[in-house]
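Data block below; observations after.
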Amino acid sequence: MKLFNKLPVFIICALCVQPATAQYIAREAAAKAEVYHYSSAAALYEKAFRKRGTPANARAVAEAYRQLRNYPAAEEWYGRLVALPEQDMAQAAQDACYYGLALQQNGKYEAAKAQFNRCRSMPGNNVPAALLDNYIASCDSAVAWQQAPRADVVTNAGALNSMYTDWGALQQNGQLYWVSDRPSSRRKHFLKFSNGNPVRTDRYGWTANNYLQLYTGSNGDSASTRLYDHNGINSLYHTGMPTLSKDGLEMFFTRTRYVRKPRKFLEKDSAYSIHIETYSVTRTNDSSAWGTPVPFRYNHPLDYSVGDPFLTADGKRLYFVSDMPGTTGGTDIYYTEREPGGAWKEAVKLGPDVNTPGQERSPYIDENGHFYFSSDGLAGMGGLDIYMQENATGRPVNPGPPLNSPADDFYFMSSYFTSNRPGGKGSDDIYRYAKAAAPAPRPTPVPAEKTDTAATTEETKIPDPLPVEQPIRIIIYYDFDKWNIRQNAARDLDKLAAVLKEKPEMYIRLNAHTDARGPKAYNRQLSQKRAQSALNYLVGKGIDRSRMTAHGYGEEKPVNGCTDGVKCTEGQHQQNRRTEFEVVNK
């Protein structure tokens, strides 16, 4: 009887210990995440979730993997998270959006669109509609681009890469420069930082790898790879990609350093961030040592970052990336011009064609004057995509695959770029890029069913002046039971977007239709999805959503006699699966 009497007490104690243990592990993980030690935090939060499978623990795991840019793991954990009951609807909507982004970054575009639309329809959603429109338009664009990729050639620059992170690759005067967090033989030191969390000079807490350091080699020869140890360019912490003057006598590069935050008398330490800085060095000739690094005018390591420098060929203008006050999104691209005496003028932020509510990275100008940069705020394949702008007034163009992928693609510099796409040797890898010698004809994607050639390949005619309240002669077509934008439709919508940009006073209505097969109620829903898909595509091309309305008519307005019960060819049905455009009064 004594044993029986004690048994309930033992069970109660065990039940009490389980949540307490989970809470302790979660607190330990939160302390790691607070100082950006996401690698350690992810493992601890997973352990906490196994003990107590709450939405908070699942969300913390997913967020850690999102910060680590581990998109397969982020997809897995956001998938688990959205399947759990959640009381905070605003938080649930944000989770659906992040899940959609993880799916998109893994190339699962239809599933990603479903999550973006789910996010839009959820009560309490506070994700901006324009952002969701851009995500959905990106998925449609990516599908069209993947069906007909460019003939350009992309290969992994194997000799430059390791099992770790390798990115950059600047080629100048027969020498290559890139950065890597591969292990090195640097001395180990231990310091204390902020709230007692250790900052080690042999390991970066965010990734648990080495800090990024500058490496050099001769045209990708792995035998020549070595740390760029020139007068302390590589520091105890991160050292980022350089940009050199045309004569090789001036270098700008980025680094992080230990900076102590000022505090009031008797005030305790609290967690704070140290941001990236840009420095410059000079030398008298190619074989002489670099001088002492000089901090860039806009450095402010306790408040914001200044990085990704690029010096123009004439040495008069320096582009850089920053999240300084006034930035539109996460990071924006700025430039500053050099005074005759060497001082830098006030920084100028590039316009809205380049800078978006997302992140912009790695500006670069090639020998033809084409401006390249990366962004995750424009219509793209997913993550960061590389864009090209022919001149200062031109709109950025996404080259599509194979240069871009659903993952992050950035730091394009002539014949090299960086990507964390699947199939690499490490986290980020350096790739070689070779443009096709001549434009190859793009194959027409195979539709779900046989289509009418005359209906899908007709040359687009845009009348000028455009008649008000009359259909514009742009009609796009869809595969059976689909609403995604096909490749030939994307070309026509691009033409329409160009007209709408030239005529800001123009407002349009998108009228979408289906063939007669299927229930009428279902066809009305399908046609509305088709109209919305076309509208979202135009929003992704920079057209204000308020200038457009979308309406689905289902099977109500066929262009031929193919109504219910009438036997028609597939080509005749194809003519009815369409969206037409008309100019309307405001």
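Numbering starts fresh at 1 for the residues of each chain in the structure tokens, the chains themselves are lettered A, B, ... in the order given, and ligands are numbered from 1 as they appear.
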
Within 8 Å of stretch 149-170 of chain A, which residues of stretch 227-341 of chain A show up? Give each one with its shortest atom-to-atom distance in Å (one decimal) and the two atoms involved, counting only C-alpha atoms, rows by chain then rising residue number, as JSON lines.
{"residue": "A:Met241", "atom": "CA", "partner": "A:Gly168", "partner_atom": "CA", "distance": 6.3}
{"residue": "A:Pro242", "atom": "CA", "partner": "A:Leu170", "partner_atom": "CA", "distance": 7.9}
{"residue": "A:Thr243", "atom": "CA", "partner": "A:Leu170", "partner_atom": "CA", "distance": 7.8}

Go ahead and write the residues just picked, all heavy atoms, as a PDB file, in the first residue's frame.
ATOM      1  N   MET A 241      34.371  41.211 -49.126  1.00  0.00           N
ATOM      2  CA  MET A 241      34.900  41.348 -50.476  1.00  0.00           C
ATOM      3  C   MET A 241      35.471  42.737 -50.740  1.00  0.00           C
ATOM      4  O   MET A 241      34.911  43.741 -50.315  1.00  0.00           O
ATOM      5  CB  MET A 241      33.811  41.067 -51.488  1.00  0.00           C
ATOM      6  CG  MET A 241      33.639  39.594 -51.792  1.00  0.00           C
ATOM      7  SD  MET A 241      35.129  38.849 -52.481  1.00  0.00           S
ATOM      8  CE  MET A 241      35.266  39.737 -54.023  1.00  0.00           C
ATOM      9  N   PRO A 242      36.610  42.791 -51.481  1.00  0.00           N
ATOM     10  CA  PRO A 242      37.221  44.081 -51.822  1.00  0.00           C
ATOM     11  C   PRO A 242      36.774  44.583 -53.188  1.00  0.00           C
ATOM     12  O   PRO A 242      36.185  43.849 -53.988  1.00  0.00           O
ATOM     13  CB  PRO A 242      38.706  43.736 -51.855  1.00  0.00           C
ATOM     14  CG  PRO A 242      38.724  42.337 -52.417  1.00  0.00           C
ATOM     15  CD  PRO A 242      37.485  41.663 -51.889  1.00  0.00           C
ATOM     16  N   THR A 243      37.039  45.822 -53.454  1.00  0.00           N
ATOM     17  CA  THR A 243      36.974  46.397 -54.788  1.00  0.00           C
ATOM     18  C   THR A 243      38.257  47.196 -54.965  1.00  0.00           C
ATOM     19  O   THR A 243      38.691  47.898 -54.039  1.00  0.00           O
ATOM     20  CB  THR A 243      35.732  47.279 -54.974  1.00  0.00           C
ATOM     21  OG1 THR A 243      35.724  47.846 -56.295  1.00  0.00           O
ATOM     22  CG2 THR A 243      35.667  48.409 -53.969  1.00  0.00           C
TER      23      THR A 243
END

Stretch 207-324 of chain A: residues DSSP assigns to strand (DSSP E), reported as a PyMOL selection string: chain A and resi 213-217+226-227+243-244+250-255+277-282+294-295+306-311+317-322

Polymer residues at most 6 Å from A:Glu250, only C-alpha atoms, same-chain spacing of 3 or more positions, as JSON, numbers by chain: {"A": [244, 245, 281, 282]}

Residues flagged alpha helix (DSSP H) by DSSP in stretch 511-567 of chain A, as a PyMOL selection string: chain A and resi 520-540

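The coordinates place atom CA of A:Asp247 at 10.0 Å from atom CA of A:Asp314.
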
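Here the question is which of A:Ala33, A:Met388, A:Ala534, A:Val82 gets nearest to A:Tyr372 using only C-alpha atoms, and that residue is A:Met388.
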
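Each of A:Asn523, A:Thr278, A:Ser224, A:Ser39 was compared to A:Arg203 using only C-alpha atoms, and A:Ser39 turns out to be the nearest.
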